[in-house]
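Visitor: Can you keep this structure in mind? I'll have questions shortly.
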Amino acid sequence: MAPIIEVKNLTRLYGQQGAVCRALHEVDFEIEAGAFVAVMGPSGSGKTTLLNIISTIDKPTQGRVIIGGRETETLKEKELALFRRELIGFVFQEFNLLDNMTIRDNIALPLTLNNIKAEEILRKVQELTELLGIDNQLDKYPYQLSGGQKQRAAVCRALVNAPRILFADEPTGALDSKAASELLACFRDVRNQYGTTVVMVTHDAAAASYCDRVMFLKDGMLSGKLETNGNAEAFFKRILNMVALLGGEGHERL
């Protein structure tokens, strides 16, 4: 199976001559369609920079990013906007929901802006919220929901356009352990139900243990990877060991 994401010789520099910061250095990897992958590393390792580049928010100094067979650097601004809308969904640590709109309207917003028929919007919202367990919260406003419920609503909004890839930047960072576990289980459900590829940046070994694979960055370079054998507890311990080896913090909870 051809990879849905290919990263080749990716380098990102910031600053000007004499004061250059190297955020990423010659990073190479592939991610197959339908994978659930975490990116971990110590603070300043380049995790968020990497996510921003492969999700087309930022551009590399050198190297190539190929998503769905298309080289993102070759896309013009209008093409890139359409490409993002069709292929990519985003979830961030902050929920970014609109407090003056109901949960139903928050989730439906991307489809409403695309002039999708009302009955199709309602069907899709119902389907996603049932899958993520918040279908009984649709008439409430964000301030009436718990952090975990708000993050699941944000995931529904990110998925409502049926993207092939969901990028998540520290999605459990503002959640307690129970809400985080529920959200990560939802990510797996989404992957299993729709075949969505999920790429998540996290500092949390417990969160990473829900994934199929964990890639580790240190000083802007890929420093190792682990793959699960299906035993979540054993995988968690292996991740903690790797985090300790790289000098990071993995939050010892599962």
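By convention here, the chains of the structure tokens are called A, B, ... in the order presented, each chain's residues are numbered starting at 1, and ligands are numbered starting at 1 in the order presented.
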Mind checking which residues fall within 9 Å of Met215 (chain A), counting only C-alpha atoms, ignoring those fewer than 5 positions away in the same chain, and posting them as a PyMOL selection string?
Guide: chain A and resi 37-41+222-227
Visitor: What's the 10 Å shell around Glu233 (chain A), counting only C-alpha atoms, without same-chain residues fewer than 6 positions away, as a compact mmCIF listing (two decimals) with C-alpha atoms, in the first residue's frame?
Guide:
```
# COMPACT_ATOMS: atom_id res chain seq x y z
CA ALA A 206 -0.03 7.23 28.05
CA SER A 209 0.40 4.11 23.91
CA TYR A 210 -2.97 4.22 22.13
CA ILE A 239 7.61 4.41 25.36
CA LEU A 254 -1.90 4.92 31.95
```
Visitor: Go through A:Ala180, A:Leu80, A:Leu132, A:Ala158 one by one, measure the shortest atom-to-atom distance of each to Asp58 (chain A) using only C-alpha atoms, and give the residue with the smallest value.
Guide: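 Nearest candidate to Asp58 (chain A) out of A:Ala180, A:Leu80, A:Leu132, A:Ala158: A:Leu80.
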Visitor: Which of region 22-224 of chain A end up as helix (DSSP H, G or I) when DSSP is run on this backbone - answer as number ranges by chain?
Guide: A: 47-54, 72-74, 77-87, 103-113, 118-131, 135-137, 142-144, 147-159, 177-194, 205-208
Visitor: For a quick check of understanding, using only C-alpha atoms, which of A:Ala168, A:Ser55, A:Arg191, A:Pro42 has the smallest distance to Ala244 (chain A)?
Guide: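 Nearest to Ala244 (chain A): A:Pro42.
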Visitor: From a backbone DSSP assignment, name each residue in region 5-209 of chain A labelled strand (DSSP E), as number ranges by chain.
Guide: A: 5-16, 19-32, 36-40, 62-67, 70-71, 88-92, 165-169, 197-201
Visitor: List the neighbours of region 64-68 of chain A out to 9 Å using only C-alpha atoms; skip same-chain residues closer than 5 positions along the sequence, and give me the result as an mmCIF file with N, CA and C atoms, in the first residue's frame.
Guide:
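Final output, saved to around-v4.cif:
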```cif
data_model
loop_
_atom_site.group_PDB
_atom_site.id
_atom_site.type_symbol
_atom_site.label_atom_id
_atom_site.label_comp_id
_atom_site.auth_asym_id
_atom_site.auth_seq_id
_atom_site.Cartn_x
_atom_site.Cartn_y
_atom_site.Cartn_z
ATOM 1 N N ALA A 2 0.581 2.188 -0.894
ATOM 2 C CA ALA A 2 1.364 3.426 -0.980
ATOM 3 C C ALA A 2 1.131 4.274 0.271
ATOM 4 N N PRO A 3 2.163 4.921 0.782
ATOM 5 C CA PRO A 3 1.985 5.775 1.973
ATOM 6 C C PRO A 3 1.115 6.982 1.643
ATOM 7 N N ILE A 4 0.338 7.431 2.632
ATOM 8 C CA ILE A 4 -0.458 8.642 2.424
ATOM 9 C C ILE A 4 0.368 9.885 2.716
ATOM 10 N N ILE A 5 1.402 9.751 3.574
ATOM 11 C CA ILE A 5 2.305 10.863 3.884
ATOM 12 C C ILE A 5 3.740 10.398 3.646
ATOM 13 N N GLU A 6 4.481 11.169 2.861
ATOM 14 C CA GLU A 6 5.907 10.911 2.650
ATOM 15 C C GLU A 6 6.682 12.187 2.983
ATOM 16 N N VAL A 7 7.648 12.056 3.859
ATOM 17 C CA VAL A 7 8.499 13.182 4.253
ATOM 18 C C VAL A 7 9.930 12.842 3.854
ATOM 19 N N LYS A 8 10.536 13.707 3.066
ATOM 20 C CA LYS A 8 11.850 13.417 2.501
ATOM 21 C C LYS A 8 12.819 14.565 2.782
ATOM 22 N N ASN A 9 13.872 14.265 3.533
ATOM 23 C CA ASN A 9 14.980 15.198 3.769
ATOM 24 C C ASN A 9 14.491 16.547 4.301
ATOM 25 N N LEU A 10 13.549 16.507 5.233
ATOM 26 C CA LEU A 10 12.884 17.727 5.693
ATOM 27 C C LEU A 10 13.770 18.503 6.667
ATOM 28 N N ALA A 33 -1.736 4.848 4.952
ATOM 29 C CA ALA A 33 -3.132 5.239 5.145
ATOM 30 C C ALA A 33 -3.753 4.401 6.262
ATOM 31 N N ILE A 53 4.441 21.606 9.397
ATOM 32 C CA ILE A 53 4.892 21.472 8.016
ATOM 33 C C ILE A 53 4.123 20.372 7.296
ATOM 34 N N ILE A 54 3.976 19.208 7.915
ATOM 35 C CA ILE A 54 3.291 18.132 7.185
ATOM 36 C C ILE A 54 1.793 18.390 7.061
ATOM 37 N N THR A 56 0.699 21.378 6.303
ATOM 38 C CA THR A 56 0.704 22.505 5.341
ATOM 39 C C THR A 56 0.497 23.865 5.984
ATOM 40 N N GLU A 73 4.464 21.430 -1.806
ATOM 41 C CA GLU A 73 5.196 22.648 -2.162
ATOM 42 C C GLU A 73 4.806 23.190 -3.536
ATOM 43 N N LEU A 87 -8.628 17.067 2.280
ATOM 44 C CA LEU A 87 -7.804 15.978 2.801
ATOM 45 C C LEU A 87 -7.479 16.066 4.281
ATOM 46 N N ARG A 164 -9.045 12.767 4.889
ATOM 47 C CA ARG A 164 -8.318 11.492 4.913
ATOM 48 C C ARG A 164 -7.302 11.450 6.057
#
```
Visitor: What does the structure give for the distance between CA of Met221 (chain A) and CA of Ser45 (chain A), in Å to one decimal?
Guide: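 Between CA of Met221 (chain A) and CA of Ser45 (chain A) the gap is 7.8 Å.
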Visitor: I want to know what sits within 12 Å of Leu13 (chain A), based on only C-alpha atoms, with residues of the same chain fewer than 5 positions away left out; could you give that as a list in words?
Guide: Ala19, Val20, Cys21, Arg22, Ala23, Leu24, His25, Glu26, Gly46, Thr49, Leu50, Asp58, Lys59, Pro60, Thr61, Gln62, Gly63 and Gly220 of chain A
Visitor: Select, from A:Ala205, A:Gln149, A:Cys156, A:Asp28, the residue with the minimum atom-to-atom distance to Gln126 (chain A), counting only C-alpha atoms.
Guide: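 Among the listed residues, A:Cys156 lies closest to Gln126 (chain A).
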Visitor: CA of Ser181 (chain A) to CA of Pro163 (chain A): how many Å, to one decimal?
Guide: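 Rounded to one decimal, the two atoms are 22.9 Å apart.
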